[in-house]
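**Student:** Input file: entry10.cif. Contents: mmCIF, C-alpha atoms.
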```cif
data_input
loop_
_atom_site.label_atom_id
_atom_site.label_comp_id
_atom_site.auth_asym_id
_atom_site.auth_seq_id
_atom_site.Cartn_x
_atom_site.Cartn_y
_atom_site.Cartn_z
CA MET A 1224 118.21 122.27 70.81
CA LEU A 1225 117.20 119.24 68.77
CA ARG A 1226 119.19 116.37 70.16
CA ALA A 1227 121.10 113.92 67.98
CA PRO A 1228 120.26 110.27 68.73
CA ILE A 1229 122.36 108.31 71.24
CA LYS A 1230 124.70 106.02 69.27
CA HIS A 1231 127.23 105.05 71.96
CA CYS A 1232 127.13 104.20 75.68
CA ARG A 1233 128.07 107.11 77.95
CA ASN A 1234 129.59 104.68 80.41
CA CYS A 1235 131.76 102.39 78.24
CA GLY A 1236 131.57 103.76 74.67
CA ALA A 1237 130.10 100.59 73.06
CA ALA A 1238 127.46 101.01 70.33
CA VAL A 1239 123.95 100.95 71.87
CA VAL A 1240 120.86 99.08 70.69
CA TYR A 1241 117.29 100.41 70.96
CA ARG A 1242 114.85 98.15 72.82
CA VAL A 1243 112.36 98.12 75.69
CA PRO A 1244 114.37 97.21 78.83
CA ASP A 1245 113.37 94.06 80.77
CA ASP A 1246 112.70 95.97 84.01
CA GLY A 1247 109.00 96.65 83.41
CA ASP A 1248 109.65 99.72 81.27
CA THR A 1249 107.19 100.46 78.46
CA HIS A 1250 109.37 102.72 76.26
CA PRO A 1251 112.23 101.74 73.95
CA ARG A 1252 115.56 103.08 75.26
CA ALA A 1253 119.17 103.13 74.11
CA VAL A 1254 120.58 100.09 75.96
CA CYS A 1255 124.27 99.13 76.10
CA PRO A 1256 124.84 95.47 75.17
CA ALA A 1257 128.31 95.59 76.81
CA CYS A 1258 127.67 97.07 80.28
CA ASP A 1259 123.79 97.07 80.40
CA THR A 1260 123.50 100.82 81.02
CA ILE A 1261 120.04 102.13 80.08
CA HIS A 1262 120.11 105.66 78.62
CA TYR A 1263 117.00 107.75 79.32
CA GLU A 1264 116.11 110.88 77.37
CA ASN A 1265 113.72 113.31 79.01
CA PRO A 1266 112.24 116.75 78.36
CA LEU A 1267 114.34 119.86 78.96
CA ASN A 1268 113.22 122.92 80.90
CA VAL A 1269 113.56 126.42 79.49
CA VAL A 1270 113.35 129.14 82.16
CA GLY A 1271 112.95 132.86 81.66
CA THR A 1272 111.33 136.12 82.75
CA ILE A 1273 108.90 138.83 81.68
CA PRO A 1274 110.95 141.89 82.74
CA TYR A 1275 108.58 144.89 83.04
CA TRP A 1276 109.13 148.63 83.52
CA GLY A 1277 105.85 150.39 84.22
CA GLU A 1278 103.61 149.64 81.23
CA GLN A 1279 106.47 148.28 79.15
CA VAL A 1280 108.08 144.83 78.84
CA LEU A 1281 111.65 144.12 77.83
CA LEU A 1282 112.26 142.08 74.69
CA CYS A 1283 115.61 140.86 73.33
CA LYS A 1284 116.44 140.59 69.61
CA ARG A 1285 118.08 137.19 69.13
CA ASN A 1286 121.68 137.03 67.94
CA ILE A 1287 121.58 133.20 67.74
CA GLU A 1288 119.76 130.53 65.80
CA PRO A 1289 117.04 129.43 65.74
CA ARG A 1290 115.03 132.57 64.92
CA TRP A 1291 118.02 134.90 64.54
CA GLY A 1292 116.80 138.53 64.47
CA LYS A 1293 113.39 137.74 66.05
CA TRP A 1294 112.27 139.13 69.42
CA THR A 1295 112.07 137.04 72.57
CA LEU A 1296 111.85 137.21 76.34
CA PRO A 1297 115.15 136.41 78.11
CA ALA A 1298 115.17 132.61 78.63
CA GLY A 1299 117.36 129.57 78.24
CA PHE A 1300 117.98 126.00 79.32
CA MET A 1301 117.82 125.34 83.05
CA GLU A 1302 121.10 124.05 84.52
CA LEU A 1303 121.70 121.43 87.22
CA ASN A 1304 122.05 122.82 90.76
CA GLU A 1305 119.68 125.75 90.32
CA THR A 1306 115.99 126.32 90.99
CA THR A 1307 113.63 127.34 88.17
CA ALA A 1308 113.59 130.93 89.50
CA GLU A 1309 117.40 131.03 89.83
CA GLY A 1310 117.77 129.81 86.24
CA ALA A 1311 115.27 132.41 85.00
CA ALA A 1312 117.18 135.17 86.83
CA ARG A 1313 120.53 133.93 85.47
CA GLU A 1314 119.26 133.99 81.88
CA THR A 1315 117.85 137.50 82.36
CA ASP A 1316 121.23 138.68 83.59
CA GLU A 1317 123.14 136.89 80.78
CA GLU A 1318 120.92 137.92 77.87
CA ALA A 1319 119.75 141.40 78.87
CA GLY A 1320 122.15 142.58 81.60
CA ALA A 1321 119.08 143.87 83.44
CA GLN A 1322 118.67 144.96 87.08
CA PHE A 1323 115.47 143.43 88.44
CA GLU A 1324 113.58 141.86 91.32
CA MET A 1325 112.07 138.40 90.74
CA GLU A 1326 108.31 138.01 91.23
CA GLY A 1327 105.83 135.14 90.79
CA LEU A 1328 105.56 132.31 88.26
CA GLN A 1329 103.45 133.41 85.27
CA SER A 1330 103.39 130.45 82.87
CA VAL A 1331 104.21 126.74 82.61
CA LEU A 1332 104.06 125.65 78.96
CA SER A 1333 104.50 122.12 77.62
CA VAL A 1334 105.88 121.77 74.08
CA PRO A 1335 105.84 117.98 73.57
CA ARG A 1336 106.80 118.23 69.88
CA VAL A 1337 110.31 119.29 70.92
CA GLY A 1338 110.35 117.67 74.39
CA GLN A 1339 110.41 120.91 76.39
CA VAL A 1340 108.69 122.61 79.31
CA HIS A 1341 109.00 126.44 79.53
CA LEU A 1342 108.55 128.36 82.80
CA TYR A 1343 108.35 132.18 82.92
CA TYR A 1344 108.48 134.47 85.97
CA ARG A 1345 107.53 138.13 86.22
CA ALA A 1346 110.55 140.35 86.98
CA ARG A 1347 110.15 143.99 88.05
CA LEU A 1348 112.89 146.06 86.41
CA LEU A 1349 114.81 148.41 88.72
CA SER A 1350 116.40 150.38 85.87
CA ASP A 1351 115.74 150.99 82.16
CA GLN A 1352 119.44 150.63 81.34
CA PHE A 1353 120.52 147.25 79.94
CA ASN A 1354 123.76 145.54 79.03
CA PRO A 1355 122.87 142.78 76.53
CA GLY A 1356 125.15 139.74 76.26
CA PRO A 1357 126.50 138.10 73.07
CA GLU A 1358 123.24 136.21 72.41
CA THR A 1359 121.30 139.47 72.07
CA ILE A 1360 121.55 142.01 69.19
CA GLU A 1361 119.60 144.67 71.07
CA THR A 1362 117.08 145.10 73.88
CA ARG A 1363 113.99 147.29 73.75
CA LEU A 1364 111.07 148.19 76.01
CA TYR A 1365 107.64 147.74 74.40
CA THR A 1366 104.15 148.72 75.50
CA GLU A 1367 101.48 146.12 74.74
CA SER A 1368 100.30 147.92 71.61
CA GLU A 1369 103.87 148.19 70.28
CA ILE A 1370 104.71 144.45 70.61
CA PRO A 1371 105.83 143.14 67.17
CA TRP A 1372 103.62 140.02 67.38
CA GLU A 1373 104.62 138.83 63.91
CA GLU A 1374 108.30 139.09 64.86
CA ILE A 1375 108.09 137.15 68.14
CA ALA A 1376 110.52 134.22 68.02
CA PHE A 1377 108.46 131.51 69.76
CA LYS A 1378 104.83 130.68 70.49
CA THR A 1379 105.75 130.11 74.16
CA VAL A 1380 106.86 133.76 74.35
CA ALA A 1381 103.74 135.09 72.59
CA GLU A 1382 101.43 133.06 74.87
CA THR A 1383 103.31 134.22 77.98
CA LEU A 1384 103.10 137.88 76.91
CA ARG A 1385 99.38 137.52 76.14
CA CYS A 1386 98.50 136.05 79.56
CA PHE A 1387 100.75 138.60 81.32
CA PHE A 1388 98.97 141.58 79.69
CA GLU A 1389 95.54 139.98 80.28
CA ASP A 1390 96.29 139.37 83.96
CA ARG A 1391 97.58 142.92 84.35
CA ARG A 1392 94.40 144.40 82.87
CA ARG A 1393 92.38 142.19 85.22
CA GLY A 1394 94.51 143.26 88.19
CA THR A 1395 95.41 139.72 89.38
CA PHE A 1396 98.17 137.38 88.29
CA ASP A 1397 97.61 133.62 88.00
CA VAL A 1398 99.96 130.81 86.98
CA HIS A 1399 98.92 129.76 83.45
CA ASN A 1400 99.47 126.13 82.50
CA ILE A 1401 99.36 125.90 78.71
CA ASP A 1402 99.92 122.95 76.35
CA LEU A 1403 101.24 123.87 72.90
CA VAL A 1404 100.41 120.72 70.96
CA MET B 272 117.75 108.62 89.74
CA LEU B 273 121.26 109.85 90.49
CA ARG B 274 123.04 109.91 87.17
CA ALA B 275 126.46 108.39 86.62
CA PRO B 276 128.94 110.80 85.02
CA ILE B 277 129.34 110.89 81.23
CA LYS B 278 132.58 109.03 80.37
CA HIS B 279 132.13 108.46 76.64
CA CYS B 280 130.73 110.43 73.69
CA ARG B 281 127.16 109.46 72.75
CA ASN B 282 127.95 110.20 69.11
CA CYS B 283 131.27 108.39 68.49
CA GLY B 284 132.15 106.53 71.72
CA ALA B 285 135.48 108.32 72.38
CA ALA B 286 136.40 109.19 75.99
CA VAL B 287 135.20 112.72 76.83
CA VAL B 288 137.07 115.50 78.63
CA TYR B 289 135.45 118.01 81.00
CA ARG B 290 136.00 121.67 80.10
CA VAL B 291 134.16 124.93 79.44
CA PRO B 292 133.35 124.94 75.69
CA ASP B 293 134.75 127.80 73.54
CA ASP B 294 131.29 128.97 72.41
CA GLY B 295 130.70 131.49 75.21
CA ASP B 296 129.41 128.85 77.65
CA THR B 297 130.12 129.41 81.34
CA HIS B 298 129.74 125.84 82.64
CA PRO B 299 132.15 122.90 82.26
CA ARG B 300 130.66 120.20 80.02
CA ALA B 301 131.66 116.74 78.83
CA VAL B 302 133.25 117.53 75.44
CA CYS B 303 134.35 114.94 72.87
CA PRO B 304 137.94 115.50 71.69
CA ALA B 305 137.29 113.30 68.63
CA CYS B 306 134.05 114.71 67.13
CA ASP B 307 133.58 117.94 69.20
CA THR B 308 130.12 116.96 70.49
CA ILE B 309 129.21 118.89 73.66
CA HIS B 310 127.14 116.85 76.13
CA TYR B 311 124.71 118.87 78.26
CA GLU B 312 123.13 117.56 81.45
CA ASN B 313 119.97 119.25 82.65
CA PRO B 314 117.37 118.85 85.37
CA LEU B 315 114.70 116.15 85.07
CA ASN B 316 110.98 116.68 85.58
CA VAL B 317 108.93 114.43 87.84
CA VAL B 318 105.19 114.65 87.19
CA GLY B 319 102.37 113.30 89.33
CA THR B 320 98.92 113.80 90.82
CA ILE B 321 97.04 114.29 94.06
CA PRO B 322 94.16 111.85 93.45
CA TYR B 323 91.28 112.74 95.80
CA TRP B 324 88.01 111.02 96.70
CA GLY B 325 85.81 113.31 98.78
CA GLU B 326 87.86 114.18 101.88
CA GLN B 327 90.46 111.51 101.17
CA VAL B 328 93.63 111.42 99.06
CA LEU B 329 95.16 108.35 97.48
CA LEU B 330 98.67 107.34 98.53
CA CYS B 331 100.79 104.51 97.10
CA LYS B 332 103.20 102.39 99.17
CA ARG B 333 106.46 102.19 97.18
CA ASN B 334 107.62 98.79 95.95
CA ILE B 335 110.86 100.30 94.55
CA GLU B 336 113.96 102.03 95.84
CA PRO B 337 114.59 104.68 96.95
CA ARG B 338 112.27 104.74 99.97
CA TRP B 339 110.89 101.23 99.54
CA GLY B 340 107.83 100.77 101.79
CA LYS B 341 107.23 104.52 102.25
CA TRP B 342 104.08 106.30 101.06
CA THR B 343 103.98 108.59 98.05
CA LEU B 344 101.68 110.26 95.55
CA PRO B 345 101.69 108.63 92.10
CA ALA B 346 104.51 110.32 90.14
CA GLY B 347 107.47 109.56 87.91
CA PHE B 348 109.85 110.92 85.30
CA MET B 349 108.27 112.86 82.46
CA GLU B 350 108.85 111.30 79.02
CA LEU B 351 109.55 112.95 75.67
CA ASN B 352 106.46 113.58 73.53
CA GLU B 353 104.04 114.19 76.38
CA THR B 354 102.80 117.28 78.23
CA THR B 355 103.31 117.64 81.99
CA ALA B 356 99.61 116.80 82.56
CA GLU B 357 99.76 113.78 80.22
CA GLY B 358 102.80 112.47 82.08
CA ALA B 359 101.12 112.98 85.44
CA ALA B 360 98.03 111.08 84.20
CA ARG B 361 100.17 108.26 82.77
CA GLU B 362 102.00 107.78 86.08
CA THR B 363 98.70 107.75 88.00
CA ASP B 364 97.42 105.04 85.71
CA GLU B 365 100.66 103.00 85.88
CA GLU B 366 101.22 103.20 89.64
CA ALA B 367 97.68 103.21 91.04
CA GLY B 368 95.44 101.93 88.23
CA ALA B 369 93.01 104.69 89.19
CA GLN B 370 90.02 106.12 87.28
CA PHE B 371 90.16 109.92 87.47
CA GLU B 372 89.64 113.27 85.84
CA MET B 373 92.63 115.63 85.64
CA GLU B 374 92.28 119.06 87.25
CA GLY B 375 94.61 122.03 87.75
CA LEU B 376 98.31 122.32 88.54
CA GLN B 377 98.88 122.37 92.32
CA SER B 378 102.64 122.59 92.83
CA VAL B 379 105.92 123.26 91.02
CA LEU B 380 108.85 122.30 93.25
CA SER B 381 112.54 122.77 92.49
CA VAL B 382 114.96 120.31 94.08
CA PRO B 383 118.36 121.61 92.89
CA ARG B 384 120.34 119.20 95.09
CA VAL B 385 119.25 116.34 92.83
CA GLY B 386 118.64 118.38 89.65
CA GLN B 387 114.86 117.89 89.54
CA VAL B 388 111.63 119.85 89.14
CA HIS B 389 108.41 118.19 90.39
CA LEU B 390 104.95 119.16 89.11
CA TYR B 391 101.73 117.87 90.73
CA TYR B 392 98.15 118.13 89.44
CA ARG B 393 94.91 117.58 91.30
CA ALA B 394 92.99 114.54 89.99
CA ARG B 395 89.36 113.90 90.96
CA LEU B 396 88.88 110.15 91.45
CA LEU B 397 85.86 108.62 89.69
CA SER B 398 86.02 105.36 91.68
CA ASP B 399 87.53 104.11 94.93
CA GLN B 400 88.68 100.88 93.27
CA PHE B 401 92.37 100.73 92.28
CA ASN B 402 94.63 98.38 90.40
CA PRO B 403 98.20 99.14 91.53
CA GLY B 404 101.09 98.34 89.18
CA PRO B 405 104.37 96.55 90.01
CA GLU B 406 105.95 99.70 91.53
CA THR B 407 103.25 99.86 94.23
CA ILE B 408 102.83 97.46 97.20
CA GLU B 409 99.37 98.80 98.07
CA THR B 410 97.17 101.87 97.64
CA ARG B 411 95.12 103.48 100.39
CA LEU B 412 92.79 106.46 100.78
CA TYR B 413 93.71 108.77 103.68
CA THR B 414 91.90 111.71 105.26
CA GLU B 415 94.18 114.61 106.22
CA SER B 416 94.32 113.56 109.87
CA GLU B 417 95.25 109.97 108.92
CA ILE B 418 98.22 110.90 106.66
CA PRO B 419 101.34 109.07 107.95
CA TRP B 420 103.55 112.19 107.74
CA GLU B 421 106.59 110.37 109.16
CA GLU B 422 106.24 107.67 106.53
CA ILE B 423 105.96 109.97 103.49
CA ALA B 424 108.69 109.08 100.99
CA PHE B 425 109.71 112.55 99.78
CA LYS B 426 109.58 116.15 100.96
CA THR B 427 108.08 117.16 97.57
CA VAL B 428 105.10 114.89 98.34
CA ALA B 429 104.68 116.19 101.91
CA GLU B 430 104.81 119.84 100.72
CA THR B 431 102.31 119.13 97.94
CA LEU B 432 99.90 117.42 100.34
CA ARG B 433 100.22 120.29 102.85
CA CYS B 434 99.41 123.02 100.29
CA PHE B 435 96.56 120.91 98.82
CA PHE B 436 94.86 120.52 102.23
CA GLU B 437 95.46 124.20 103.07
CA ASP B 438 93.96 125.36 99.76
CA ARG B 439 90.97 123.08 100.24
CA ARG B 440 90.27 124.49 103.71
CA ARG B 441 90.56 128.00 102.25
CA GLY B 442 88.22 127.08 99.38
CA THR B 443 90.53 128.22 96.53
CA PHE B 444 93.36 126.42 94.78
CA ASP B 445 96.54 128.21 93.74
CA VAL B 446 99.66 126.96 91.99
CA HIS B 447 102.40 126.76 94.64
CA ASN B 448 105.98 127.34 93.49
CA ILE B 449 108.28 125.94 96.16
CA ASP B 450 112.09 125.66 96.33
CA LEU B 451 113.41 122.78 98.41
CA VAL B 452 117.00 123.91 98.97
#
```
Mind turning the file's structure into structure tokens?
**Tutor:**
Amino acid sequence: MLRAPIKHCRNCGAAVVYRVPDDGDTHPRAVCPACDTIHYENPLNVVGTIPYWGEQVLLCKRNIEPRWGKWTLPAGFMELNETTAEGAARETDEEAGAQFEMEGLQSVLSVPRVGQVHLYYRARLLSDQFNPGPETIETRLYTESEIPWEEIAFKTVAETLRCFFEDRRRGTFDVHNIDLV
Amino acid sequence: MLRAPIKHCRNCGAAVVYRVPDDGDTHPRAVCPACDTIHYENPLNVVGTIPYWGEQVLLCKRNIEPRWGKWTLPAGFMELNETTAEGAARETDEEAGAQFEMEGLQSVLSVPRVGQVHLYYRARLLSDQFNPGPETIETRLYTESEIPWEEIAFKTVAETLRCFFEDRRRGTFDVHNIDLV
């Protein structure tokens, strides 16, 4: 989701100007010359899961842009009024129609180029039957050696899968904080 | 930062209507009847540090609302084009004027009631001299037993301090994922 620039005030509709506000701020913001509203733009959180079934992980083939037809973990934009884990569970239900139990946080990845932070949780699958939603062409369970690394949609997903498999070999799971710059 | 509702389209300035978009979305959004722009509102990230000097941690007395005069860890809203750790370091510089070295992620706290996620990093202080910015009345180093728990500005800060001191007693630091619901 690349965001179009703010052109008009969300409060009164007047055309905004870009300047550093007089309140001690250090960043230029969209400021309304009519009603003085300052419009902040901040990073978005993407929340998702690594659903696993024994030695296998569940991937979803994307039915939406960007990266249509590439494989991803179930994930999407966090909504207001939910926790990071609740959002991750919601996306896993919406995109894969999976039955699962949420486990610990696996990765926190900053992607400053696009203004995003991604958070992935492990999710233990309770069934190998899925009911993918409209954003998913198909779901499939992959062992580590079967993962189509060249067909993974996003670097955040590849990094999360890598640290998940590493931790599993090691026998302990840590939270991995990764900057993709 | 409680956000005022979106009344006008950021693209064309027309008055928006609230409805569930026709694209498979499940949440009501502010939609522009003139240019069809859909306006999403998502949680904000607050990033900060636990600056420590030997047995002591650095707290800042707030010179801004909310919670003017209460004690907090240095933290603030994450900006576009920075990582979570870069944002946490920037806020520590702006609010405390501290010299420090960034360490690992300590806490990831969801606060769905206000649509926020807070992330705190440990920061090893390199000096006990500080230069607080305009948002801070004063800075002070506290040992665990001196912490003014009743005068801590936010529950996110209290929880982060508690897990930091617990981990330090235990001799290992973990990332703590906490939901404040």
**Student:** On this file, the PyMOL selection byres ((chain B and resi 363) around 10) gives some set of residues; write that set as a ChimeraX atom specification.
**Tutor:** /B:318-322,331,344-347,357-362,364-371,394,403-404
**Student:** Would you give me, as a list in words, the residues of chain A that come within 7 Å of chain B, using only C-alpha atoms?
**Tutor:**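 Interface list for chain A against chain B: Ile1229, Lys1230, His1231, Cys1232, Arg1233, Asn1234, Cys1235, Gly1236, Ala1237, Asn1265, Pro1266, Leu1267, Met1301, Glu1302, Leu1303, Asn1304, Glu1305, Thr1306, Thr1307, Ser1333, Val1334, Pro1335, Arg1336, Gly1338, Val1398 and Asp1402 of chain A.
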**Student:** If you keep C-alpha atoms, can you produce a file of those selected residues as a short mmCIF file (atom, residue, chain, number, x, y, z; two decimals), keeping the file's coordinate frame?
**Tutor:**
```
data_model
loop_
_atom_site.label_atom_id
_atom_site.label_comp_id
_atom_site.auth_asym_id
_atom_site.auth_seq_id
_atom_site.Cartn_x
_atom_site.Cartn_y
_atom_site.Cartn_z
CA ILE A 1229 122.36 108.31 71.24
CA LYS A 1230 124.70 106.02 69.27
CA HIS A 1231 127.23 105.05 71.96
CA CYS A 1232 127.13 104.20 75.68
CA ARG A 1233 128.07 107.11 77.95
CA ASN A 1234 129.59 104.68 80.41
CA CYS A 1235 131.76 102.39 78.24
CA GLY A 1236 131.57 103.76 74.67
CA ALA A 1237 130.10 100.59 73.06
CA ASN A 1265 113.72 113.31 79.01
CA PRO A 1266 112.24 116.75 78.36
CA LEU A 1267 114.34 119.86 78.96
CA MET A 1301 117.82 125.34 83.05
CA GLU A 1302 121.10 124.05 84.52
CA LEU A 1303 121.70 121.43 87.22
CA ASN A 1304 122.05 122.82 90.76
CA GLU A 1305 119.68 125.75 90.32
CA THR A 1306 115.99 126.32 90.99
CA THR A 1307 113.63 127.34 88.17
CA SER A 1333 104.50 122.12 77.62
CA VAL A 1334 105.88 121.77 74.08
CA PRO A 1335 105.84 117.98 73.57
CA ARG A 1336 106.80 118.23 69.88
CA GLY A 1338 110.35 117.67 74.39
CA VAL A 1398 99.96 130.81 86.98
CA ASP A 1402 99.92 122.95 76.35
#
```
**Student:** What gap, in Å, lies between atom CA of Lys1378 of chain A and atom CA of Glu1278 of chain A?
**Tutor:**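 Calculated distance between atom CA of Lys1378 of chain A and atom CA of Glu1278 of chain A is 21.8 Å.
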**Student:** I'd like the interatomic distance between atom CA of Ile423 of chain B and atom CA of Glu409 of chain B, to a tenth of an Å.
**Tutor:** 14.1 Å
**Student:** What is the distance between atom CA of Cys1258 of chain A and atom CA of Val1240 of chain A, in Å to one decimal?
**Tutor:**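 Separating atom CA of Cys1258 of chain A from atom CA of Val1240 of chain A is a distance of 11.9 Å.
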